[in-house]
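Trainee: Quick one: structure below, then a few questions.
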Amino acid sequence: MAAGGGDPAASPMKTPSWAVRIRGADGEIAGAGILLTPDQVLTCAHVVDRAETRITAEFVGAADHSVPAVPARVDATAYVPETRDADGDPSGDVALLRLERPRPTEETVRLHRLSARNRDVRMYGFPYAHNGGIWFRCTVVGGCGRDGQVQLSPVSPGELASPGCSGAGVADDRTGEVIGMVLSGQLDQHGNRFSFMSPAETIARHLPGLKPYIVGPAAVDERLLPADDDGSQDLLDEPFAQRLAAWLRDDGSQVKISVVDPGDAAREATLRRAITLADRELRTAVSIDRASLDPPGTVPSAGGHDLAVEASGTTAAEIAERIAERMGLWLHPENPPLDRIRASKATLNLVVVGVDEAADPLPLLDLLDVLRAGGSRLLLVFRTAGDCHRLACDTLLTRPARERRARLVERLREITGPLAEDLHERLAAVVPHGIRPLDSQLVAAHAALADLLRTDDDREDERRESGPDSGQAAALDRYERLADRVAGRLATGVAELDGLRDRRDELAGRLRGYQVLHQHSLRGEEDPAVDDLYLRAHALLRARPCDVRAAESAVDAYTRRVDDHREGDAR
């Protein structure tokens with residue numbers, strides 16, 4: 001969106017006015033940039049030399065279709081070079097350029113805070129083969145590293161960010177808003193291709209002076225921020241901190257429900273600490289330095305949540321509107337936010353504190369159930385273990401776990417029943433040459449099914465603070481992966497066996513055709529040697545299971561003999 005609002009920032013049908021091509025002192029393209037204000041260009045620190053005095057910013061999307069070139073310099077107060085920690089994890093790599101002459105305000109763009117999870121995005125860069133600029137399409141894979149960077153997967157191999165793309169703006173396909181900046185592209189030793197982006201919140205943390213040019217509500221509700229003069233922030237409930245950090249690092253559990261009594265200062269401080277450290281914008285060097293002294297496993301990942309709201313006194317509709325805005329679902333505002341969320345494929349990691357203190361807790365639980373069913377992850381905090389808490393545990397944990405187990409049981413029954421029968425039917429028809437044996441896989445599927453059926457009754461009434469225990473969730477995860485693997489191998493095996501059956505039928509038709517041809521060529525004579533070859537091929541094709549390899553060799557021997565006989569008659 002331009003500085004004063006208006007159309008989406010990035011239409012794929014035109015060159016964006018805010019896209020900047022940056023040249024170094026040697027005149028070569030060094031990278032890209034984003035025009036944030038009439039005289040400020042955001043780019044990567046590695047694109048420009050901090051001491052360089054001959055930098056040129058070129059505006060390829062200028063309204064008059066010219067390409068104005070404006071001298072620029074690095075703002076020494078807004079230059080954060082890339083650094084790496086002991087693990088090689090990168091941080092920073094952002095810089096601001098100052099233009100000698102300002103550009104029109106309508107050419108500028110604002111960065112937008114937006115939940116980036118699983119979004120389709122595109123970047124406008126200047127690679128060697130397209131130095132006039134080109135769009136690259138990507139999908140957000142997820143957060144990576146301690147700096148809150150985001151990993152992007154190119155839609156096609158040729159759309160990996162390459163030299164000339166560093167510093168490019170990353171625009172959201174759904175809204176057109178610029179939500180971050182390209183850092184680099186990488187091709188690893190396994191051939192995987194990834195690009196990396198610094199989202200708006202991470203840029204704001206490194207360059208706080210840019211916050212006036214970053215729009216969209218912050219990810220954390222102000223009521224959840226720890227007070228600077230609150231001595232309780234030094235308190236830490238270590239086991240609770242470890243559980244929160246594990247969920248915020250995506251421990252595999254979709255929903256976590258906890259109770260934090262407002263009078264429990266240590267637990268309250270631990271919750272606020274986790275929410276702050278998991279936010280890309282609030283995760284400052286000071287907070288990290290303080291947390292680095294805390295026990296291992298208590299520090300969550302940057303970007304561990306996409307939105308944290310305080311529900312106390314707030315209606316479900318207000319929270320739904322906040323979620324929809326964070327997801328970028330502001331198109332069709334005439335539709336209720338819950339309808340927009342339900343229709344969307346977007347997901348997010350959501351923290352809701354004080355669920356039972358909302359103005360209308362039951363509608364809020366309905367909203368949360370819609371989010372859960374859509375694939376969002378939920379960290380829900382209640383103030384008391386009362387009726388609302390028990391209903392939430394049943395609605396969001398116990399019932400979904402029971403339904404998930406029931407679906408898995410049905411799938412394993414299908415695998416060990418009809419799918420296994422399909423396999424055995426084909427194994428009875430042809431010898432499985434070159435096909436991986438599946439006996440051990442089916443045995444594992446039978447064992448998983450037996451375990452689920454045996455423990456179903458024992459687990460029916462289990463309820464914990466955080467729902468079904470991690471052992472149960474891990475077992476379901478393991479059995480689901482097993483079901484996926486076995487079903488995939490069964491499908492592959494059946495397809496390969498069908499190929500062998502088709503080859504057998506093809507050979508049978510070929511044998512019949514050559515027999516007719518040979519009978520016509522005999523003119524009443526007999527050839528016992530040829531007949532023996534025919535009978536051997538015929539017997540192999542009729543055998544069950546049919547050894548298709550052996551049958552193919554026998555049919556080939558017969559057809560060659562018939563061809564030789566016919567050629568002899570022709571001479």
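As shown in the structure tokens, the chain order sets the letters A, B, ...; within each chain, residues go from 1, and ligands are also counted from 1 in the order they appear.
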How close does each residue of range 117-211 of chain A get to range 89-102 of chain A, giving the shortest atom pair and distance in Å to one decimal for every residue with an atom at most 12 Å away, counting only C-alpha atoms, sorted by chain and residue number, as a Markdown table?

Mentor:
| residue | atom | partner | partner_atom | distance |
| --- | --- | --- | --- | --- |
| A:Cys144 | CA | A:Asp89 | CA | 9.2 |
| A:Gly145 | CA | A:Asp89 | CA | 6.0 |
| A:Arg146 | CA | A:Asp89 | CA | 7.0 |
| A:Asp147 | CA | A:Ser91 | CA | 5.3 |
| A:Gly148 | CA | A:Ser91 | CA | 8.5 |
| A:Gln149 | CA | A:Ser91 | CA | 8.2 |
| A:Val150 | CA | A:Pro90 | CA | 11.8 |
| A:Ser166 | CA | A:Asp93 | CA | 10.1 |
| A:Gly167 | CA | A:Val94 | CA | 8.3 |
| A:Ala168 | CA | A:Val94 | CA | 11.6 |
| A:Gly180 | CA | A:Val94 | CA | 11.2 |
| A:Met181 | CA | A:Val94 | CA | 9.0 |
| A:Val182 | CA | A:Val94 | CA | 10.1 |
| A:Leu183 | CA | A:Asp93 | CA | 7.4 |
| A:Ser184 | CA | A:Asp93 | CA | 10.1 |
| A:Phe196 | CA | A:Pro90 | CA | 10.8 |
| A:Met197 | CA | A:Asp93 | CA | 10.7 |
| A:Ser198 | CA | A:Gly92 | CA | 8.6 |
| A:Pro199 | CA | A:Val94 | CA | 11.2 |
| A:Ala200 | CA | A:Val94 | CA | 11.3 |
| A:Thr202 | CA | A:Gly92 | CA | 8.5 |
| A:Ile203 | CA | A:Val94 | CA | 7.2 |
| A:Ala204 | CA | A:Val94 | CA | 10.1 |
| A:Arg205 | CA | A:Gly92 | CA | 9.5 |
| A:His206 | CA | A:Gly92 | CA | 6.7 |
| A:Leu207 | CA | A:Val94 | CA | 7.9 |
| A:Pro208 | CA | A:Val94 | CA | 11.7 |
| A:Gly209 | CA | A:Leu96 | CA | 10.3 |
| A:Leu210 | CA | A:Leu96 | CA | 9.4 |

Trainee: Would you save the residues from that selection as a PDB file, in the first residue's frame, using N, CA and C atoms?

Mentor:
ATOM      1  N   CYS A 144      12.662 -20.041  10.974  1.00  0.00           N
ATOM      2  CA  CYS A 144      13.914 -20.794  11.139  1.00  0.00           C
ATOM      3  C   CYS A 144      14.918 -19.919  11.882  1.00  0.00           C
ATOM      4  N   GLY A 145      15.688 -20.533  12.736  1.00  0.00           N
ATOM      5  CA  GLY A 145      16.737 -19.815  13.437  1.00  0.00           C
ATOM      6  C   GLY A 145      16.229 -18.964  14.586  1.00  0.00           C
ATOM      7  N   ARG A 146      17.180 -18.365  15.292  1.00  0.00           N
ATOM      8  CA  ARG A 146      16.861 -17.598  16.492  1.00  0.00           C
ATOM      9  C   ARG A 146      16.514 -16.142  16.198  1.00  0.00           C
ATOM     10  N   ASP A 147      16.751 -15.694  14.966  1.00  0.00           N
ATOM     11  CA  ASP A 147      16.531 -14.288  14.636  1.00  0.00           C
ATOM     12  C   ASP A 147      15.112 -14.022  14.161  1.00  0.00           C
ATOM     13  N   GLY A 148      14.310 -15.077  13.998  1.00  0.00           N
ATOM     14  CA  GLY A 148      12.957 -14.889  13.506  1.00  0.00           C
ATOM     15  C   GLY A 148      12.871 -14.813  12.001  1.00  0.00           C
ATOM     16  N   GLN A 149      13.907 -15.290  11.303  1.00  0.00           N
ATOM     17  CA  GLN A 149      13.851 -15.326   9.848  1.00  0.00           C
ATOM     18  C   GLN A 149      12.843 -16.379   9.396  1.00  0.00           C
ATOM     19  N   VAL A 150      12.423 -16.270   8.128  1.00  0.00           N
ATOM     20  CA  VAL A 150      11.405 -17.146   7.579  1.00  0.00           C
ATOM     21  C   VAL A 150      11.959 -17.845   6.345  1.00  0.00           C
ATOM     22  N   SER A 166      18.791 -10.141  -3.251  1.00  0.00           N
ATOM     23  CA  SER A 166      18.933  -9.764  -1.844  1.00  0.00           C
ATOM     24  C   SER A 166      18.435  -8.338  -1.639  1.00  0.00           C
ATOM     25  N   GLY A 167      17.565  -8.168  -0.646  1.00  0.00           N
ATOM     26  CA  GLY A 167      16.982  -6.864  -0.376  1.00  0.00           C
ATOM     27  C   GLY A 167      15.640  -6.648  -1.040  1.00  0.00           C
ATOM     28  N   ALA A 168      15.186  -7.615  -1.835  1.00  0.00           N
ATOM     29  CA  ALA A 168      13.912  -7.474  -2.547  1.00  0.00           C
ATOM     30  C   ALA A 168      12.739  -7.550  -1.581  1.00  0.00           C
ATOM     31  N   GLY A 180       7.928  -8.489   4.095  1.00  0.00           N
ATOM     32  CA  GLY A 180       9.295  -8.742   4.503  1.00  0.00           C
ATOM     33  C   GLY A 180      10.276  -8.470   3.390  1.00  0.00           C
ATOM     34  N   MET A 181      11.524  -8.851   3.634  1.00  0.00           N
ATOM     35  CA  MET A 181      12.612  -8.580   2.703  1.00  0.00           C
ATOM     36  C   MET A 181      13.449  -9.853   2.489  1.00  0.00           C
ATOM     37  N   VAL A 182      13.814 -10.131   1.244  1.00  0.00           N
ATOM     38  CA  VAL A 182      14.638 -11.294   0.916  1.00  0.00           C
ATOM     39  C   VAL A 182      16.051 -11.100   1.460  1.00  0.00           C
ATOM     40  N   LEU A 183      16.571 -12.135   2.092  1.00  0.00           N
ATOM     41  CA  LEU A 183      17.941 -12.100   2.595  1.00  0.00           C
ATOM     42  C   LEU A 183      18.901 -12.825   1.662  1.00  0.00           C
ATOM     43  N   SER A 184      18.554 -14.063   1.288  1.00  0.00           N
ATOM     44  CA  SER A 184      19.454 -14.859   0.462  1.00  0.00           C
ATOM     45  C   SER A 184      18.724 -16.071  -0.085  1.00  0.00           C
ATOM     46  N   PHE A 196      15.382 -17.129   1.963  1.00  0.00           N
ATOM     47  CA  PHE A 196      15.132 -16.710   3.336  1.00  0.00           C
ATOM     48  C   PHE A 196      14.692 -15.255   3.358  1.00  0.00           C
ATOM     49  N   MET A 197      13.765 -14.965   4.259  1.00  0.00           N
ATOM     50  CA  MET A 197      13.167 -13.644   4.366  1.00  0.00           C
ATOM     51  C   MET A 197      13.244 -13.152   5.802  1.00  0.00           C
ATOM     52  N   SER A 198      13.479 -11.852   5.942  1.00  0.00           N
ATOM     53  CA  SER A 198      13.358 -11.214   7.247  1.00  0.00           C
ATOM     54  C   SER A 198      11.997 -10.543   7.274  1.00  0.00           C
ATOM     55  N   PRO A 199      11.049 -11.023   8.107  1.00  0.00           N
ATOM     56  CA  PRO A 199       9.705 -10.434   8.122  1.00  0.00           C
ATOM     57  C   PRO A 199       9.707  -9.045   8.748  1.00  0.00           C
ATOM     58  N   ALA A 200       8.590  -8.351   8.583  1.00  0.00           N
ATOM     59  CA  ALA A 200       8.496  -6.966   9.048  1.00  0.00           C
ATOM     60  C   ALA A 200       8.836  -6.836  10.525  1.00  0.00           C
ATOM     61  N   THR A 202      10.822  -8.673  12.429  1.00  0.00           N
ATOM     62  CA  THR A 202      12.260  -8.818  12.679  1.00  0.00           C
ATOM     63  C   THR A 202      13.001  -7.568  12.230  1.00  0.00           C
ATOM     64  N   ILE A 203      12.593  -7.002  11.104  1.00  0.00           N
ATOM     65  CA  ILE A 203      13.208  -5.749  10.637  1.00  0.00           C
ATOM     66  C   ILE A 203      12.975  -4.641  11.655  1.00  0.00           C
ATOM     67  N   ALA A 204      11.762  -4.585  12.200  1.00  0.00           N
ATOM     68  CA  ALA A 204      11.446  -3.559  13.203  1.00  0.00           C
ATOM     69  C   ALA A 204      12.312  -3.712  14.444  1.00  0.00           C
ATOM     70  N   ARG A 205      12.626  -4.943  14.824  1.00  0.00           N
ATOM     71  CA  ARG A 205      13.464  -5.153  15.994  1.00  0.00           C
ATOM     72  C   ARG A 205      14.888  -4.652  15.753  1.00  0.00           C
ATOM     73  N   HIS A 206      15.417  -4.933  14.554  1.00  0.00           N
ATOM     74  CA  HIS A 206      16.789  -4.517  14.252  1.00  0.00           C
ATOM     75  C   HIS A 206      16.885  -3.020  13.970  1.00  0.00           C
ATOM     76  N   LEU A 207      15.854  -2.470  13.335  1.00  0.00           N
ATOM     77  CA  LEU A 207      15.849  -1.039  12.988  1.00  0.00           C
ATOM     78  C   LEU A 207      14.593  -0.391  13.579  1.00  0.00           C
ATOM     79  N   PRO A 208      14.571  -0.155  14.881  1.00  0.00           N
ATOM     80  CA  PRO A 208      13.360   0.371  15.521  1.00  0.00           C
ATOM     81  C   PRO A 208      12.918   1.721  14.963  1.00  0.00           C
ATOM     82  N   GLY A 209      13.838   2.470  14.341  1.00  0.00           N
ATOM     83  CA  GLY A 209      13.464   3.741  13.755  1.00  0.00           C
ATOM     84  C   GLY A 209      12.507   3.606  12.588  1.00  0.00           C
ATOM     85  N   LEU A 210      12.356   2.392  12.061  1.00  0.00           N
ATOM     86  CA  LEU A 210      11.456   2.173  10.933  1.00  0.00           C
ATOM     87  C   LEU A 210      10.030   1.850  11.374  1.00  0.00           C
TER      88      LEU A 210
END

Trainee: Ranking A:Leu438, A:Val555, A:Ala311, A:Leu331 by minimum distance to Glu357 in chain A and counting only C-alpha atoms, which one comes first?

Mentor: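 Once distances to Glu357 in chain A are computed over only C-alpha atoms, the minimum belongs to A:Ala311.
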
Trainee: Rank A:Leu42, A:Ala483, A:Ala537, A:Val255 by their smallest atom-to-atom distance to Asp394 in chain A, using only C-alpha atoms, and report the top residue only.

Mentor: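 When distances to Asp394 in chain A are compared using only C-alpha atoms, the smallest one comes from A:Val255.
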
Trainee: Can you list, as a VMD selection string, every residue of range 45-266 of chain A that DSSP puts in alpha helix (DSSP H)?

Mentor: chain A and resid 200 to 206 238 to 248 265 to 266

Trainee: Put those residues in a file: N, CA and C atoms, as an mmCIF file, in the first residue's frame.

Mentor:
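That gives us result_24.cif:
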data_model
loop_
_atom_site.group_PDB
_atom_site.id
_atom_site.type_symbol
_atom_site.label_atom_id
_atom_site.label_comp_id
_atom_site.auth_asym_id
_atom_site.auth_seq_id
_atom_site.Cartn_x
_atom_site.Cartn_y
_atom_site.Cartn_z
ATOM 1 N N ALA A 200 8.590 -8.351 8.583
ATOM 2 C CA ALA A 200 8.496 -6.966 9.048
ATOM 3 C C ALA A 200 8.836 -6.836 10.525
ATOM 4 N N GLU A 201 8.376 -7.780 11.353
ATOM 5 C CA GLU A 201 8.615 -7.682 12.795
ATOM 6 C C GLU A 201 10.102 -7.790 13.128
ATOM 7 N N THR A 202 10.822 -8.673 12.429
ATOM 8 C CA THR A 202 12.260 -8.818 12.679
ATOM 9 C C THR A 202 13.001 -7.568 12.230
ATOM 10 N N ILE A 203 12.593 -7.002 11.104
ATOM 11 C CA ILE A 203 13.208 -5.749 10.637
ATOM 12 C C ILE A 203 12.975 -4.641 11.655
ATOM 13 N N ALA A 204 11.762 -4.585 12.200
ATOM 14 C CA ALA A 204 11.446 -3.559 13.203
ATOM 15 C C ALA A 204 12.312 -3.712 14.444
ATOM 16 N N ARG A 205 12.626 -4.943 14.824
ATOM 17 C CA ARG A 205 13.464 -5.153 15.994
ATOM 18 C C ARG A 205 14.888 -4.652 15.753
ATOM 19 N N HIS A 206 15.417 -4.933 14.554
ATOM 20 C CA HIS A 206 16.789 -4.517 14.252
ATOM 21 C C HIS A 206 16.885 -3.020 13.970
ATOM 22 N N GLU A 238 10.298 -22.968 36.319
ATOM 23 C CA GLU A 238 11.103 -23.645 35.304
ATOM 24 C C GLU A 238 10.360 -24.754 34.557
ATOM 25 N N PRO A 239 9.661 -25.672 35.234
ATOM 26 C CA PRO A 239 8.953 -26.716 34.469
ATOM 27 C C PRO A 239 7.901 -26.131 33.526
ATOM 28 N N PHE A 240 7.174 -25.115 34.003
ATOM 29 C CA PHE A 240 6.166 -24.468 33.157
ATOM 30 C C PHE A 240 6.836 -23.779 31.971
ATOM 31 N N ALA A 241 7.971 -23.122 32.215
ATOM 32 C CA ALA A 241 8.710 -22.445 31.138
ATOM 33 C C ALA A 241 9.171 -23.447 30.084
ATOM 34 N N GLN A 242 9.596 -24.613 30.527
ATOM 35 C CA GLN A 242 10.050 -25.628 29.574
ATOM 36 C C GLN A 242 8.898 -26.146 28.723
ATOM 37 N N ARG A 243 7.720 -26.330 29.345
ATOM 38 C CA ARG A 243 6.562 -26.803 28.580
ATOM 39 C C ARG A 243 6.099 -25.747 27.572
ATOM 40 N N LEU A 244 6.100 -24.481 28.001
ATOM 41 C CA LEU A 244 5.722 -23.406 27.084
ATOM 42 C C LEU A 244 6.704 -23.305 25.929
ATOM 43 N N ALA A 245 7.998 -23.355 26.234
ATOM 44 C CA ALA A 245 9.017 -23.251 25.190
ATOM 45 C C ALA A 245 8.906 -24.416 24.210
ATOM 46 N N ALA A 246 8.605 -25.604 24.732
ATOM 47 C CA ALA A 246 8.465 -26.770 23.856
ATOM 48 C C ALA A 246 7.311 -26.570 22.883
ATOM 49 N N TRP A 247 6.165 -26.084 23.378
ATOM 50 C CA TRP A 247 5.028 -25.853 22.483
ATOM 51 C C TRP A 247 5.355 -24.779 21.467
ATOM 52 N N LEU A 248 6.012 -23.711 21.898
ATOM 53 C CA LEU A 248 6.357 -22.608 21.008
ATOM 54 C C LEU A 248 7.435 -23.002 20.014
ATOM 55 N N ALA A 265 2.335 -15.413 40.975
ATOM 56 C CA ALA A 265 3.212 -14.429 40.326
ATOM 57 C C ALA A 265 4.263 -15.091 39.453
ATOM 58 N N ALA A 266 4.861 -16.196 39.913
ATOM 59 C CA ALA A 266 5.924 -16.845 39.145
ATOM 60 C C ALA A 266 5.380 -17.429 37.842
#

Trainee: Can you tell me, as a list in words, what residues are no more than 8 Å from Asp173 in chain A when counting only C-alpha atoms, ignoring any on the same chain fewer than 2 positions away?

Mentor: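 So the residues in contact are Arg119, Asp120, Val121, Arg122, Ala171, Thr175, Gly176 and Glu177 of chain A.
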
Trainee: Rank nothing, just name the residue among A:Ala72, A:Val259, A:Val20, A:Val48 nearest to Asn131 in chain A, using only C-alpha atoms.

Mentor: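 Using only C-alpha atoms, Asn131 in chain A sits closest to A:Val20.
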
Trainee: Counting only C-alpha atoms, which of A:Met327, A:Leu348, A:Leu540, A:Leu277 gets nearest to Gly142 in chain A?

Mentor: A:Leu348

Trainee: Name all residues at most 12 Å from Pro217 in chain A (count only C-alpha atoms; drop same-chain ones fewer than 4 positions away) and give them as number ranges by chain.

Mentor: A: 111-115, 200-201, 211, 221-222, 281, 306-309, 321-328

Trainee: Please, could you write that set of residues out with N, CA, C and O atoms as a PDB file, in the first residue's frame?

Mentor:
ATOM      1  N   LEU A 111       5.823  -1.573   5.074  1.00  0.00           N
ATOM      2  CA  LEU A 111       5.894  -2.985   5.438  1.00  0.00           C
ATOM      3  C   LEU A 111       4.668  -3.307   6.294  1.00  0.00           C
ATOM      4  O   LEU A 111       4.186  -2.456   7.048  1.00  0.00           O
ATOM      5  N   HIS A 112       4.198  -4.531   6.191  1.00  0.00           N
ATOM      6  CA  HIS A 112       2.969  -4.906   6.892  1.00  0.00           C
ATOM      7  C   HIS A 112       3.222  -6.097   7.805  1.00  0.00           C
ATOM      8  O   HIS A 112       3.758  -7.121   7.369  1.00  0.00           O
ATOM      9  N   ARG A 113       2.836  -5.951   9.046  1.00  0.00           N
ATOM     10  CA  ARG A 113       2.898  -7.092   9.966  1.00  0.00           C
ATOM     11  C   ARG A 113       1.775  -8.054   9.593  1.00  0.00           C
ATOM     12  O   ARG A 113       0.606  -7.690   9.591  1.00  0.00           O
ATOM     13  N   LEU A 114       2.151  -9.285   9.319  1.00  0.00           N
ATOM     14  CA  LEU A 114       1.159 -10.272   8.897  1.00  0.00           C
ATOM     15  C   LEU A 114       1.668 -11.654   9.254  1.00  0.00           C
ATOM     16  O   LEU A 114       2.862 -11.936   9.119  1.00  0.00           O
ATOM     17  N   SER A 115       0.790 -12.507   9.721  1.00  0.00           N
ATOM     18  CA  SER A 115       1.177 -13.887   9.975  1.00  0.00           C
ATOM     19  C   SER A 115       1.645 -14.513   8.668  1.00  0.00           C
ATOM     20  O   SER A 115       0.898 -14.559   7.685  1.00  0.00           O
ATOM     21  N   ALA A 200       8.590  -8.351   8.583  1.00  0.00           N
ATOM     22  CA  ALA A 200       8.496  -6.966   9.048  1.00  0.00           C
ATOM     23  C   ALA A 200       8.836  -6.836  10.525  1.00  0.00           C
ATOM     24  O   ALA A 200       9.529  -5.889  10.936  1.00  0.00           O
ATOM     25  N   GLU A 201       8.376  -7.780  11.353  1.00  0.00           N
ATOM     26  CA  GLU A 201       8.615  -7.682  12.795  1.00  0.00           C
ATOM     27  C   GLU A 201      10.102  -7.790  13.128  1.00  0.00           C
ATOM     28  O   GLU A 201      10.598  -7.091  14.015  1.00  0.00           O
ATOM     29  N   LYS A 211       9.778   1.732  12.652  1.00  0.00           N
ATOM     30  CA  LYS A 211       8.445   1.337  13.111  1.00  0.00           C
ATOM     31  C   LYS A 211       7.327   2.244  12.605  1.00  0.00           C
ATOM     32  O   LYS A 211       6.214   1.763  12.342  1.00  0.00           O
ATOM     33  N   ASP A 221      -0.788  -8.614  22.408  1.00  0.00           N
ATOM     34  CA  ASP A 221      -1.689  -7.679  23.068  1.00  0.00           C
ATOM     35  C   ASP A 221      -0.910  -6.901  24.132  1.00  0.00           C
ATOM     36  O   ASP A 221      -0.135  -7.479  24.902  1.00  0.00           O
ATOM     37  N   GLU A 222      -1.113  -5.584  24.159  1.00  0.00           N
ATOM     38  CA  GLU A 222      -0.383  -4.755  25.117  1.00  0.00           C
ATOM     39  C   GLU A 222      -0.614  -5.202  26.555  1.00  0.00           C
ATOM     40  O   GLU A 222       0.257  -5.041  27.415  1.00  0.00           O
ATOM     41  N   GLU A 281       9.316  -9.246  17.182  1.00  0.00           N
ATOM     42  CA  GLU A 281       9.559  -7.822  17.393  1.00  0.00           C
ATOM     43  C   GLU A 281       9.992  -7.516  18.821  1.00  0.00           C
ATOM     44  O   GLU A 281      10.777  -6.602  19.047  1.00  0.00           O
ATOM     45  N   ASP A 306       2.113 -16.492  16.342  1.00  0.00           N
ATOM     46  CA  ASP A 306       1.774 -15.448  15.376  1.00  0.00           C
ATOM     47  C   ASP A 306       0.911 -14.360  15.995  1.00  0.00           C
ATOM     48  O   ASP A 306       0.871 -13.232  15.491  1.00  0.00           O
ATOM     49  N   LEU A 307       0.222 -14.699  17.069  1.00  0.00           N
ATOM     50  CA  LEU A 307      -0.665 -13.738  17.718  1.00  0.00           C
ATOM     51  C   LEU A 307      -0.898 -14.182  19.149  1.00  0.00           C
ATOM     52  O   LEU A 307      -1.136 -15.369  19.410  1.00  0.00           O
ATOM     53  N   ALA A 308      -0.816 -13.221  20.083  1.00  0.00           N
ATOM     54  CA  ALA A 308      -1.104 -13.493  21.496  1.00  0.00           C
ATOM     55  C   ALA A 308      -2.091 -12.442  21.977  1.00  0.00           C
ATOM     56  O   ALA A 308      -1.796 -11.237  21.939  1.00  0.00           O
ATOM     57  N   VAL A 309      -3.282 -12.886  22.420  1.00  0.00           N
ATOM     58  CA  VAL A 309      -4.326 -11.946  22.826  1.00  0.00           C
ATOM     59  C   VAL A 309      -4.743 -12.212  24.264  1.00  0.00           C
ATOM     60  O   VAL A 309      -4.720 -13.353  24.736  1.00  0.00           O
ATOM     61  N   GLU A 321     -12.042 -10.893  14.859  1.00  0.00           N
ATOM     62  CA  GLU A 321     -11.616  -9.806  13.968  1.00  0.00           C
ATOM     63  C   GLU A 321     -10.106  -9.608  14.047  1.00  0.00           C
ATOM     64  O   GLU A 321      -9.437  -9.385  13.026  1.00  0.00           O
ATOM     65  N   ARG A 322      -9.581  -9.695  15.243  1.00  0.00           N
ATOM     66  CA  ARG A 322      -8.127  -9.559  15.420  1.00  0.00           C
ATOM     67  C   ARG A 322      -7.388 -10.694  14.706  1.00  0.00           C
ATOM     68  O   ARG A 322      -6.362 -10.478  14.053  1.00  0.00           O
ATOM     69  N   ILE A 323      -7.908 -11.901  14.822  1.00  0.00           N
ATOM     70  CA  ILE A 323      -7.291 -13.055  14.151  1.00  0.00           C
ATOM     71  C   ILE A 323      -7.366 -12.891  12.643  1.00  0.00           C
ATOM     72  O   ILE A 323      -6.385 -13.123  11.919  1.00  0.00           O
ATOM     73  N   ALA A 324      -8.544 -12.494  12.149  1.00  0.00           N
ATOM     74  CA  ALA A 324      -8.711 -12.322  10.702  1.00  0.00           C
ATOM     75  C   ALA A 324      -7.763 -11.263  10.165  1.00  0.00           C
ATOM     76  O   ALA A 324      -7.180 -11.421   9.089  1.00  0.00           O
ATOM     77  N   GLU A 325      -7.579 -10.193  10.920  1.00  0.00           N
ATOM     78  CA  GLU A 325      -6.659  -9.144  10.486  1.00  0.00           C
ATOM     79  C   GLU A 325      -5.235  -9.654  10.453  1.00  0.00           C
ATOM     80  O   GLU A 325      -4.478  -9.372   9.519  1.00  0.00           O
ATOM     81  N   ARG A 326      -4.848 -10.420  11.458  1.00  0.00           N
ATOM     82  CA  ARG A 326      -3.478 -10.965  11.507  1.00  0.00           C
ATOM     83  C   ARG A 326      -3.248 -11.952  10.373  1.00  0.00           C
ATOM     84  O   ARG A 326      -2.149 -12.075   9.852  1.00  0.00           O
ATOM     85  N   MET A 327      -4.293 -12.673   9.985  1.00  0.00           N
ATOM     86  CA  MET A 327      -4.192 -13.629   8.882  1.00  0.00           C
ATOM     87  C   MET A 327      -4.249 -12.949   7.513  1.00  0.00           C
ATOM     88  O   MET A 327      -4.025 -13.597   6.498  1.00  0.00           O
ATOM     89  N   GLY A 328      -4.574 -11.662   7.489  1.00  0.00           N
ATOM     90  CA  GLY A 328      -4.717 -10.974   6.211  1.00  0.00           C
ATOM     91  C   GLY A 328      -6.047 -11.242   5.545  1.00  0.00           C
ATOM     92  O   GLY A 328      -6.150 -11.229   4.318  1.00  0.00           O
TER      93      GLY A 328
END

Trainee: Between A:Asp339, A:Ile55, A:Cys165, A:Ala63, which one has atoms that come closest to Gly31 in chain A, using only C-alpha atoms?

Mentor: A:Cys165

Trainee: So the first atom is CA of Thr347 in chain A and the second is CA of Gly125 in chain A; what is the distance between them in Å, to one decimal place?

Mentor: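 Interatomic distance, CA of Thr347 in chain A to CA of Gly125 in chain A: 27.8 Å.
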
Trainee: Using only C-alpha atoms, which protein or nucleic acid residues come within 12 Å of Ala557 in chain A? Drop anything in the same chain fewer than 2 positions from it, and give the result as a ChimeraX atom specification.

Mentor: /A:511,514,529-537,550-555,559-564

Trainee: Do you have the CA of Gly143 in chain A-CA of Gly303 in chain A distance handy?

Mentor: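 CA of Gly303 in chain A lies 6.4 Å from CA of Gly143 in chain A.
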
Trainee: DSSP on the backbone: what in range 168-321 of chain A comes out strand (DSSP E), as a PyMOL selection string?

Mentor: chain A and resi 169-172+178-187+193-199+214-215+255-259+307-310

Trainee: Using only C-alpha atoms, which residue out of A:Leu391, A:Ala45, A:Leu35, A:Val155 lies closest to Ala78 in chain A?

Mentor: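 So, comparing all the options, the nearest one is A:Ala45.
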
Trainee: Hey, what's within 7 Å of Cys546 in chain A if we count only C-alpha atoms and toss same-chain stuff fewer than 3 positions away? As a list in words, please?

Mentor: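 Contacts, with the query itself left out: Ala429, Val430, Val431, Leu540, Leu541, Arg542 and Ala543 of chain A.
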
Trainee: Counting only C-alpha atoms, what is within 12 Å of Gly158 in chain A, bar same-chain residues fewer than 4 positions away, as JSON, numbers by chain?

Mentor: {"A": [127, 129, 134, 135, 136, 137, 138, 153, 154, 162, 185, 187, 193, 194, 195]}
